[in-house]
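Undergrad: The structure's right below; bear with me while I get my questions together.
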Amino acid sequence: MADRDPGMSAAPATGGYVGRAVRTLEGRAPIAGAARYSSDFSFPGQLHAAIVRSPHARARILKVDLSGARKVAGVVLAMDGREVAAHLGPIPHYIDPATFGGKSAEVRTMAVDHVWCYGQPVAVVVAADRRTARWAASRVQVAYEVEPAVLTVEDAIAPDAPKVVPGFDDNVIMAVPFRNGDPDAAFARADHVVTTTVRIHRFSTQPIETRCYNAVWEEETESLTLYGTAQNPHPLRHVLAKVLGMPEGRIRVHAPAIGGAFGMKMHGHPEESLVCLLAKLLRRPVKWVESREECLLIGAREQVHHLELALSKEGDLLALRDRFFANTGAPSACPGWGMAFLTGLTMPGPYRVRDIDVTMTALVTNKPSWNAARGYGKEATALALELALDEAARRLGFDPAELRIRNFVPADAFPYASPTGLQYDSGDYAGAVRKAMAAIGWDEWRARQAEGPREGRYLGLGIAYELTPEGGALPGTMVAGYDSSTVRVAPDGSVRVLTGVTTPGTGNPTGIAQIVADELGCPIEWISVVQGDTTTCPYGFGNYSGRSTIVGGGSAALAARAVRAQMEAVAAAMLGVGVQALRLSDGVFDGGDGRSLAFADVAWAAYTRAYDVASCITPPLEAQATFRPPNIRHSPDAEGRINPYPSYSNAAYATVVEVDSATGQVKLLAFAAAHDCGRVINPLLVEGQACGAIAFGLGGALMEEIRFDAGGHQLTRSFMDYVMPRAEDMPGVTLVHHDSPNPDTYMGLKGAGEAGVGGSAAAVVNAVNDALRPFGVAIHDLPLSPARVWAAIHGRSGAAGGAA
């Protein structure tokens with residue numbers, strides 16, 4: 001265990017903003033329609049791009065005829081993949097599989113000779129307006145020689161499978177074993193072995209704002225500015241420099257207000273560098289706005305798990321085996337494939353079983369590529385584990401809650417080293433389960449469930465747990481565990497925080513402002529937070545993995561403490577007292593002798609009296625700091641394992657459903673969660689994040705799915721096809737906090753941005769299967785659509801995959 005910094009876990013004086021439900025400082029503009037999103041930016045001479053995409057999953061490109069597009073009035077440029085490749089290099093991988101022993105494919109902005117998925121870019125058209133560009137793109141004629149497509153896990157691993165990537169000897173990106181102890185011996189002595197196959201389907205995140213990039217060429221400085229939906233502006237700038245062959249110093253990335261991201265807006269997309277090239281060639285601004293159909297090309301999470309649990313007759317979990325395959329789609333420079341690795345790394349979740357044998361196999365297929373999606377593979381861990389545990393409870397007659405509690409890592413075992421090398425910081429998993437059950441009224445619902453069949457009603461109760469490592473850092477990549485912030489106090493006492501973390505609309509600027517307000521002892525209204533600009537903000541890594549408040553808040557706190565020390569020195573000199581005698585709150589320095597100074601007066605003196613009372617400091621009132629969580633470990637242990645995460649948020653989920661046996665429709669009646677994100681900075685922000693994640697999970701469990709036909713053509717192209725929960729589909733959610741602070745982060749923060757998708761989805765599936773017990777079936781193929789549930793009830797073959 002790394003040494004802990006007591007200074008970071010210490011809180012400022014009580015009675016401040018931290019812990020209070022402060023409304024988001026940045027929330028007024030979106031509500032009033034005043035926020036400027038990437039698509040709102042328009043510049044003199046603005047042009048628009050439209051992309052021609054492959055209608056085939058796998059094909060050779062025989063010819064691209066751009067003449068039809070070039071004849072359309074208003075078109076200024078049309079290019080195919082070969083022309084684009086003459087100007088742009090390959091896109092660097094966000095996380096290169098080769099760095100970790102896997103296979104790496106060269107990813108180009110556009111297909112040149114061969115397409116490897118439906119929707120892959122093959123040509124681009126630029127015109128005076130978006131409508132003209134799209135019409136002209138429809139006039140591009142591409143001749144293809146269609147080839148057999150690899151679409152499923154079974155297709156990809158077949159001995160005679162076509163190779164998705166030319167030059168690969170198979171369709172495996174990487175196969176990684178996660179093994180500890182002696183699982184074979186544990187299985188040999190087990191009283192029971194329960195086998196479950198869990199099939200997680202392809203579904204997406206679908207933010208309300210699709211991706212948009214608008215590149216502006218600055219002729220005077222021969223530089224580029226990209227306005228775009230970017231979660232990671234500084235790393236994206238690095239990628240653009242590599243692809244374009246330009247110095248980073250001549251590229252600026254500005255990420256304005258973002259209408260949701262959920263991992264989808266992490267970089268590696270071909271359109272990022274493409275619009276920059278177009279602007280550079282034309283010397284005019286070029287904008288591309290993603291359509292909903294294009295947005296739906298980006299999927300995630302499709303996995304097949306073959307699990308075995310070894311248990312004693314008392315219910316002790318002795319060992320775990322899992323052979324799972326991830327269908328990650330075609331190669332991409334985006335970090336999506338890494339989700340499969342995290343699914344294996346986070347086994348066995350919150351359970352104390354030491355003997356495990358897990359093998360992750362990440363596959364390429366001719367479906368469109370994955371990108372990161374909320375949960376980043378850890379939601380799949382929760383789904384697989386929690387469905388398997390419920391299956392064991394059903395078959396062996398255990399109470400599902402008690403089976404979990406019996407096998408949790410106990411609260412007095414932290415810090416806890418997992419079998420895969422992770423270092424869990426803190427937790428009380430059993431306490432969270434009991435809180436969730438109490439919050440939903442578990443015993444009362446059980447009594448009502450028992451009466452249901454007499455009335456023709458089938459109620460089901462489900463429970464699940466999710467452990468979510470957050471704030472990840474991978475060696476040799478731009479996935480960094482640290483970040484930086486600058487705090488500036490102006491001569492009038494106003495405060496500006498510039499930070500390397502960004503916000504996808506989650507409210508983290510408000511959380512950071514609350515932290516800084518408490519550290520500086522000033523009203524929060526005096527603070528503004530600036531994010532998302534590579535020219536203005538300190539170098540940072542943006543938002544992903546629930547890290548923004550952990551490292552953004554932590555670094556801002558350190559910087560604010562340094563500025564406060566400057567101001568305290570000046571105030572003490574002005575009052576003629578020792579620094580220890582000062583008290584600072586609500587923007588007033590109290591000297592302890594009846595005299596006081598306003599915050600703004602001290603700030604003014606710091607700038608204007610540098611040769612008398614302020615000579616004790618070096619102006620300006622500004623500090624930059626970096627927070628690097630101490631418990632990330634990249635030096636391999638004796639088994640070659642690292643700990644890439646500083647914090648482990650977790651939660652218990654409980655739900656009640658009703659299944660209509662005549663239609664297969666599932667109705668959600670109640671939902672509760674007990675969430676542990678460490679110290680809560682702002683309950684409104686945490687509860688908003690948790691409820692959003694629960695909506696993701698419920699949608700994924702019951703309705704959301706991206707589907708393809710037998711030839712690999714994507715059938716899901718709009719919200720008419722991709723059904724997400726509406727407000728009326730959501731039950732009332734009771735959320736309770738069950739905090740166990742992280743001893744290694746600022747004020748015990750754990751993060752709250754990723755947890756909830758897998759745990760909530762698993763709870764719903766378990767509840768549906770509980771309702772189906774009178775019919776003797778259980779479903780482990782997602783989603784639990786009405787047709788699938790109805791077929792399971794009525795015994796239709798193949799409809800209830802994984803039936804008990």
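Going by the structure tokens order, chains are called A, B, ..., each with residues numbered from 1, while ligands are numbered from 1 in the order shown.
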As JSON, numbers by chain, please: the residues near Leu309 in chain A (cut-off 6 Å, only C-alpha atoms, same-chain neighbours under 4 positions excluded).
TA: {"A": [193, 194, 320]}
Undergrad: According to DSSP computed on the backbone, where in range 477-676 of chain A is there strand (DSSP E)? Give the residues as JSON, numbers by chain.
TA: {"A": [483, 484, 485, 486, 487, 488, 489, 495, 496, 497, 498, 499, 527, 528, 529, 530, 583, 584, 585, 588, 589, 590, 596, 597, 598, 622, 623, 624, 625, 626, 627, 647, 648, 649, 650, 651, 652, 653, 654, 655, 656, 657, 658, 659, 666, 667, 668, 669, 670, 671, 672, 673, 674, 675, 676]}
Undergrad: Determine which residues of range 314-349 of chain A DSSP labels as helix (DSSP H, G or I) from the backbone of this structure, then write them out as a list in words.
TA: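 Of range 314-349 of chain A, the ones in helix (DSSP H, G or I) are Gly338, Met339, Ala340, Phe341, Leu342, Thr343, Gly344 and Leu345 of chain A.
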Undergrad: Could you pull the residues within 12 Å of Gly441 in chain A, counting only C-alpha atoms, minus those fewer than 3 positions along the same chain, as a PDB file with N, CA, C and O atoms, in the first residue's frame?
TA:
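File part_5.pdb, as written:
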ATOM      1  N   ARG A 434     -27.965  -4.089   2.512  1.00  0.00           N
ATOM      2  CA  ARG A 434     -29.047  -3.978   3.506  1.00  0.00           C
ATOM      3  C   ARG A 434     -29.758  -2.637   3.396  1.00  0.00           C
ATOM      4  O   ARG A 434     -30.975  -2.557   3.555  1.00  0.00           O
ATOM      5  N   LYS A 435     -29.004  -1.573   3.112  1.00  0.00           N
ATOM      6  CA  LYS A 435     -29.626  -0.257   2.945  1.00  0.00           C
ATOM      7  C   LYS A 435     -30.548  -0.237   1.730  1.00  0.00           C
ATOM      8  O   LYS A 435     -31.649   0.324   1.774  1.00  0.00           O
ATOM      9  N   ALA A 436     -30.098  -0.815   0.615  1.00  0.00           N
ATOM     10  CA  ALA A 436     -30.916  -0.828  -0.594  1.00  0.00           C
ATOM     11  C   ALA A 436     -32.188  -1.632  -0.374  1.00  0.00           C
ATOM     12  O   ALA A 436     -33.278  -1.231  -0.808  1.00  0.00           O
ATOM     13  N   MET A 437     -32.065  -2.764   0.306  1.00  0.00           N
ATOM     14  CA  MET A 437     -33.242  -3.602   0.573  1.00  0.00           C
ATOM     15  C   MET A 437     -34.228  -2.876   1.484  1.00  0.00           C
ATOM     16  O   MET A 437     -35.446  -2.930   1.278  1.00  0.00           O
ATOM     17  N   ALA A 438     -33.715  -2.184   2.481  1.00  0.00           N
ATOM     18  CA  ALA A 438     -34.599  -1.431   3.381  1.00  0.00           C
ATOM     19  C   ALA A 438     -35.272  -0.287   2.637  1.00  0.00           C
ATOM     20  O   ALA A 438     -36.464   0.009   2.844  1.00  0.00           O
ATOM     21  N   GLU A 444     -41.765  -6.317   2.451  1.00  0.00           N
ATOM     22  CA  GLU A 444     -43.152  -6.040   2.085  1.00  0.00           C
ATOM     23  C   GLU A 444     -43.448  -6.493   0.657  1.00  0.00           C
ATOM     24  O   GLU A 444     -44.503  -7.073   0.377  1.00  0.00           O
ATOM     25  N   TRP A 445     -42.507  -6.245  -0.236  1.00  0.00           N
ATOM     26  CA  TRP A 445     -42.703  -6.685  -1.615  1.00  0.00           C
ATOM     27  C   TRP A 445     -42.690  -8.205  -1.724  1.00  0.00           C
ATOM     28  O   TRP A 445     -43.437  -8.776  -2.541  1.00  0.00           O
ATOM     29  N   ARG A 446     -41.883  -8.881  -0.925  1.00  0.00           N
ATOM     30  CA  ARG A 446     -41.884 -10.349  -0.941  1.00  0.00           C
ATOM     31  C   ARG A 446     -43.266 -10.879  -0.545  1.00  0.00           C
ATOM     32  O   ARG A 446     -43.767 -11.842  -1.152  1.00  0.00           O
ATOM     33  N   ALA A 447     -43.873 -10.246   0.429  1.00  0.00           N
ATOM     34  CA  ALA A 447     -45.203 -10.679   0.851  1.00  0.00           C
ATOM     35  C   ALA A 447     -46.222 -10.456  -0.265  1.00  0.00           C
ATOM     36  O   ALA A 447     -47.080 -11.314  -0.522  1.00  0.00           O
ATOM     37  N   ARG A 448     -46.119  -9.333  -0.955  1.00  0.00           N
ATOM     38  CA  ARG A 448     -47.039  -9.063  -2.059  1.00  0.00           C
ATOM     39  C   ARG A 448     -46.786 -10.003  -3.230  1.00  0.00           C
ATOM     40  O   ARG A 448     -47.730 -10.419  -3.920  1.00  0.00           O
ATOM     41  N   LEU A 461     -38.503  -9.779  -7.616  1.00  0.00           N
ATOM     42  CA  LEU A 461     -37.573  -8.914  -6.909  1.00  0.00           C
ATOM     43  C   LEU A 461     -36.158  -9.262  -7.348  1.00  0.00           C
ATOM     44  O   LEU A 461     -35.801 -10.445  -7.452  1.00  0.00           O
ATOM     45  N   ALA A 654     -31.579  -2.623  -6.016  1.00  0.00           N
ATOM     46  CA  ALA A 654     -32.724  -3.497  -5.758  1.00  0.00           C
ATOM     47  C   ALA A 654     -33.910  -2.989  -6.563  1.00  0.00           C
ATOM     48  O   ALA A 654     -34.126  -1.763  -6.657  1.00  0.00           O
ATOM     49  N   THR A 655     -34.656  -3.900  -7.148  1.00  0.00           N
ATOM     50  CA  THR A 655     -35.793  -3.483  -7.960  1.00  0.00           C
ATOM     51  C   THR A 655     -36.924  -4.485  -7.862  1.00  0.00           C
ATOM     52  O   THR A 655     -36.728  -5.650  -7.479  1.00  0.00           O
ATOM     53  N   VAL A 656     -38.107  -4.011  -8.219  1.00  0.00           N
ATOM     54  CA  VAL A 656     -39.307  -4.843  -8.273  1.00  0.00           C
ATOM     55  C   VAL A 656     -39.939  -4.656  -9.645  1.00  0.00           C
ATOM     56  O   VAL A 656     -40.085  -3.517 -10.117  1.00  0.00           O
ATOM     57  N   LEU A 669     -41.745  -1.451 -11.119  1.00  0.00           N
ATOM     58  CA  LEU A 669     -42.602  -0.930 -10.058  1.00  0.00           C
ATOM     59  C   LEU A 669     -41.844  -0.096  -9.032  1.00  0.00           C
ATOM     60  O   LEU A 669     -42.401   0.859  -8.476  1.00  0.00           O
ATOM     61  N   ALA A 670     -40.613  -0.457  -8.741  1.00  0.00           N
ATOM     62  CA  ALA A 670     -39.842   0.270  -7.723  1.00  0.00           C
ATOM     63  C   ALA A 670     -38.364   0.015  -7.960  1.00  0.00           C
ATOM     64  O   ALA A 670     -37.979  -1.036  -8.500  1.00  0.00           O
ATOM     65  N   PHE A 671     -37.556   0.978  -7.539  1.00  0.00           N
ATOM     66  CA  PHE A 671     -36.110   0.837  -7.688  1.00  0.00           C
ATOM     67  C   PHE A 671     -35.426   1.593  -6.567  1.00  0.00           C
ATOM     68  O   PHE A 671     -35.828   2.700  -6.209  1.00  0.00           O
ATOM     69  N   ALA A 672     -34.386   0.981  -6.003  1.00  0.00           N
ATOM     70  CA  ALA A 672     -33.604   1.629  -4.948  1.00  0.00           C
ATOM     71  C   ALA A 672     -32.133   1.304  -5.144  1.00  0.00           C
ATOM     72  O   ALA A 672     -31.777   0.235  -5.660  1.00  0.00           O
ATOM     73  N   ALA A 673     -31.294   2.228  -4.722  1.00  0.00           N
ATOM     74  CA  ALA A 673     -29.851   2.018  -4.801  1.00  0.00           C
ATOM     75  C   ALA A 673     -29.198   2.627  -3.576  1.00  0.00           C
ATOM     76  O   ALA A 673     -29.612   3.689  -3.094  1.00  0.00           O
ATOM     77  N   THR A 734     -35.319   5.456  -5.411  1.00  0.00           N
ATOM     78  CA  THR A 734     -34.905   5.849  -4.070  1.00  0.00           C
ATOM     79  C   THR A 734     -33.402   5.648  -3.970  1.00  0.00           C
ATOM     80  O   THR A 734     -32.912   4.531  -4.119  1.00  0.00           O
TER      81      THR A 734
END
Undergrad: Between CA of Phe398 in chain A and CA of Asp316 in chain A, what is the distance, to one decimal in Å?
TA: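 Here the two named atoms are 10.9 Å from each other.
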Undergrad: Take CA of Ala133 in chain A and CA of Val84 in chain A and report the distance between them in Å, one decimal.
TA: 17.4 Å
Undergrad: Which residues of range 60-163 of chain A have any atom within 8 Å of an atom in range 30-54 of chain A when counting only C-alpha atoms, and what is the closest pair of atoms for each, with the distance in Å to one decimal? Order the rows by chain and rising number and write it as CSV.
TA:
residue,atom,partner,partner_atom,distance
A:Val115,CA,A:Ser54,CA,7.1
A:Cys117,CA,A:Ser54,CA,7.5
A:Tyr118,CA,A:Ser54,CA,5.5
A:Gly119,CA,A:Arg53,CA,4.7
A:Gln120,CA,A:Arg53,CA,5.2
A:Pro121,CA,A:Arg53,CA,4.4
A:Val122,CA,A:Arg53,CA,5.5
A:Ala123,CA,A:Val52,CA,4.9
A:Val124,CA,A:Ile51,CA,4.5
A:Val125,CA,A:Ala50,CA,5.3
A:Val126,CA,A:Ala49,CA,4.4
A:Ala127,CA,A:His48,CA,5.5
A:Ala128,CA,A:Leu47,CA,4.9
A:Asp129,CA,A:His48,CA,5.4
A:Arg130,CA,A:His48,CA,5.2
A:Ala133,CA,A:Ala50,CA,5.4
A:Arg134,CA,A:Ala50,CA,5.3
A:Ala137,CA,A:Val52,CA,5.9
A:Ser138,CA,A:Val52,CA,7.4
A:Val140,CA,A:Val52,CA,7.5
Undergrad: For C-alpha atoms, I'd like the residues from the last selection saved as a compact mmCIF listing (two decimals), in the first residue's frame.
TA:
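Okay, this is what ended up in part30.txt:
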# COMPACT_ATOMS: atom_id res chain seq x y z
CA VAL A 115 -13.87 -1.66 -46.21
CA CYS A 117 -17.44 -2.52 -41.61
CA TYR A 118 -20.78 -1.06 -42.51
CA GLY A 119 -20.60 2.74 -42.34
CA GLN A 120 -16.84 3.07 -42.84
CA PRO A 121 -15.98 6.40 -44.57
CA VAL A 122 -14.99 6.05 -48.22
CA ALA A 123 -15.34 9.62 -49.55
CA VAL A 124 -16.09 13.16 -48.42
CA VAL A 125 -17.83 16.12 -50.03
CA VAL A 126 -17.52 19.77 -48.94
CA ALA A 127 -20.11 22.35 -49.97
CA ALA A 128 -21.44 25.76 -49.08
CA ASP A 129 -24.18 24.34 -46.87
CA ARG A 130 -24.99 21.05 -45.17
CA ALA A 133 -23.08 18.58 -49.14
CA ARG A 134 -25.40 15.70 -48.25
CA ALA A 137 -22.54 12.94 -51.31
CA SER A 138 -25.48 10.88 -52.52
CA VAL A 140 -20.88 9.68 -55.38
Undergrad: Near Ala752 in chain A, counting only C-alpha atoms, which residues have an atom at most 7 Å away, once you skip same-chain residues fewer than 4 positions from it, shown as a ChimeraX atom specification?
TA: /A:546,649,677,686,689
Undergrad: So which one's closest to Gly678 in chain A, A:Met747, A:Leu520, A:Leu467, A:Ala333? Using only C-alpha atoms, please.
TA: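 Of all the options, A:Met747 lies closest to Gly678 in chain A.
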Undergrad: With distances taken over only C-alpha atoms, which residue among A:Phe168, A:Tyr544, A:Phe187, A:Tyr416 lies nearest Gly375 in chain A?
TA: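 With only C-alpha atoms as the atom set, the closest residue is A:Tyr544.
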Undergrad: Restricting the calculation to only C-alpha atoms, which member of A:Ala490, A:Val764, A:Ala255, A:Met347 is positioned closest to Asp601 in chain A?
TA: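 Among the listed residues, the smallest separation from Asp601 in chain A belongs to A:Ala490.
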Undergrad: Tell me, as a PDB file with N, CA, C and O atoms, in the first residue's frame, which residues lie within 8 Å of range 618-623 of chain A, counting only C-alpha atoms; anything in the same chain fewer than 2 positions away does not count.
TA:
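And here's part.pdb as it stands now:
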ATOM      1  N   THR A 486      -5.158  25.306 -12.244  1.00  0.00           N
ATOM      2  CA  THR A 486      -4.608  26.598 -11.862  1.00  0.00           C
ATOM      3  C   THR A 486      -5.697  27.406 -11.173  1.00  0.00           C
ATOM      4  O   THR A 486      -6.843  27.423 -11.649  1.00  0.00           O
ATOM      5  N   VAL A 487      -5.350  28.052 -10.074  1.00  0.00           N
ATOM      6  CA  VAL A 487      -6.278  28.940  -9.373  1.00  0.00           C
ATOM      7  C   VAL A 487      -5.688  30.339  -9.392  1.00  0.00           C
ATOM      8  O   VAL A 487      -4.522  30.537  -9.013  1.00  0.00           O
ATOM      9  N   ARG A 488      -6.476  31.315  -9.855  1.00  0.00           N
ATOM     10  CA  ARG A 488      -6.054  32.708  -9.926  1.00  0.00           C
ATOM     11  C   ARG A 488      -7.036  33.582  -9.163  1.00  0.00           C
ATOM     12  O   ARG A 488      -8.257  33.457  -9.347  1.00  0.00           O
ATOM     13  N   VAL A 489      -6.518  34.467  -8.344  1.00  0.00           N
ATOM     14  CA  VAL A 489      -7.336  35.484  -7.699  1.00  0.00           C
ATOM     15  C   VAL A 489      -6.962  36.822  -8.322  1.00  0.00           C
ATOM     16  O   VAL A 489      -5.788  37.225  -8.310  1.00  0.00           O
ATOM     17  N   ALA A 490      -7.937  37.510  -8.891  1.00  0.00           N
ATOM     18  CA  ALA A 490      -7.712  38.789  -9.548  1.00  0.00           C
ATOM     19  C   ALA A 490      -7.622  39.912  -8.519  1.00  0.00           C
ATOM     20  O   ALA A 490      -7.984  39.729  -7.349  1.00  0.00           O
ATOM     21  N   ALA A 559      -3.992  23.802  -5.455  1.00  0.00           N
ATOM     22  CA  ALA A 559      -3.661  25.134  -5.963  1.00  0.00           C
ATOM     23  C   ALA A 559      -4.310  26.216  -5.106  1.00  0.00           C
ATOM     24  O   ALA A 559      -3.688  27.249  -4.806  1.00  0.00           O
ATOM     25  N   ALA A 560      -5.557  25.999  -4.700  1.00  0.00           N
ATOM     26  CA  ALA A 560      -6.252  26.987  -3.869  1.00  0.00           C
ATOM     27  C   ALA A 560      -5.559  27.151  -2.520  1.00  0.00           C
ATOM     28  O   ALA A 560      -5.471  28.267  -1.984  1.00  0.00           O
ATOM     29  N   ALA A 562      -2.401  26.869  -1.957  1.00  0.00           N
ATOM     30  CA  ALA A 562      -1.196  27.672  -2.166  1.00  0.00           C
ATOM     31  C   ALA A 562      -1.537  29.155  -2.297  1.00  0.00           C
ATOM     32  O   ALA A 562      -0.844  30.019  -1.754  1.00  0.00           O
ATOM     33  N   VAL A 563      -2.621  29.467  -3.005  1.00  0.00           N
ATOM     34  CA  VAL A 563      -3.040  30.866  -3.137  1.00  0.00           C
ATOM     35  C   VAL A 563      -3.517  31.409  -1.799  1.00  0.00           C
ATOM     36  O   VAL A 563      -3.223  32.556  -1.436  1.00  0.00           O
ATOM     37  N   GLN A 566      -0.663  32.529   0.219  1.00  0.00           N
ATOM     38  CA  GLN A 566      -0.190  33.851  -0.198  1.00  0.00           C
ATOM     39  C   GLN A 566      -1.042  34.954   0.422  1.00  0.00           C
ATOM     40  O   GLN A 566      -0.519  35.942   0.966  1.00  0.00           O
ATOM     41  N   MET A 567      -2.350  34.790   0.327  1.00  0.00           N
ATOM     42  CA  MET A 567      -3.257  35.831   0.815  1.00  0.00           C
ATOM     43  C   MET A 567      -3.191  35.945   2.342  1.00  0.00           C
ATOM     44  O   MET A 567      -3.277  37.051   2.894  1.00  0.00           O
ATOM     45  N   ALA A 603      -6.585  41.002  -1.822  1.00  0.00           N
ATOM     46  CA  ALA A 603      -6.173  40.735  -3.203  1.00  0.00           C
ATOM     47  C   ALA A 603      -5.601  41.992  -3.854  1.00  0.00           C
ATOM     48  O   ALA A 603      -4.563  41.954  -4.531  1.00  0.00           O
ATOM     49  N   ALA A 606      -2.139  42.665  -2.611  1.00  0.00           N
ATOM     50  CA  ALA A 606      -1.154  41.725  -3.144  1.00  0.00           C
ATOM     51  C   ALA A 606      -0.612  42.181  -4.488  1.00  0.00           C
ATOM     52  O   ALA A 606       0.555  41.940  -4.824  1.00  0.00           O
ATOM     53  N   TYR A 607      -1.451  42.869  -5.260  1.00  0.00           N
ATOM     54  CA  TYR A 607      -1.019  43.340  -6.579  1.00  0.00           C
ATOM     55  C   TYR A 607      -0.422  44.748  -6.554  1.00  0.00           C
ATOM     56  O   TYR A 607       0.398  45.087  -7.403  1.00  0.00           O
ATOM     57  N   ALA A 610       3.437  45.520  -3.606  1.00  0.00           N
ATOM     58  CA  ALA A 610       4.429  44.453  -3.679  1.00  0.00           C
ATOM     59  C   ALA A 610       5.735  44.804  -2.980  1.00  0.00           C
ATOM     60  O   ALA A 610       6.574  43.919  -2.766  1.00  0.00           O
ATOM     61  N   SER A 615       5.333  42.408   0.212  1.00  0.00           N
ATOM     62  CA  SER A 615       6.679  41.962  -0.164  1.00  0.00           C
ATOM     63  C   SER A 615       6.992  40.567   0.340  1.00  0.00           C
ATOM     64  O   SER A 615       7.986  39.961  -0.064  1.00  0.00           O
ATOM     65  N   CYS A 616       6.127  40.042   1.209  1.00  0.00           N
ATOM     66  CA  CYS A 616       6.329  38.695   1.751  1.00  0.00           C
ATOM     67  C   CYS A 616       5.931  37.600   0.772  1.00  0.00           C
ATOM     68  O   CYS A 616       6.143  36.413   1.040  1.00  0.00           O
ATOM     69  N   ALA A 625      -1.256  23.365  -9.628  1.00  0.00           N
ATOM     70  CA  ALA A 625      -0.933  22.160  -8.866  1.00  0.00           C
ATOM     71  C   ALA A 625      -1.419  20.930  -9.625  1.00  0.00           C
ATOM     72  O   ALA A 625      -2.337  20.999 -10.442  1.00  0.00           O
TER      73      ALA A 625
END
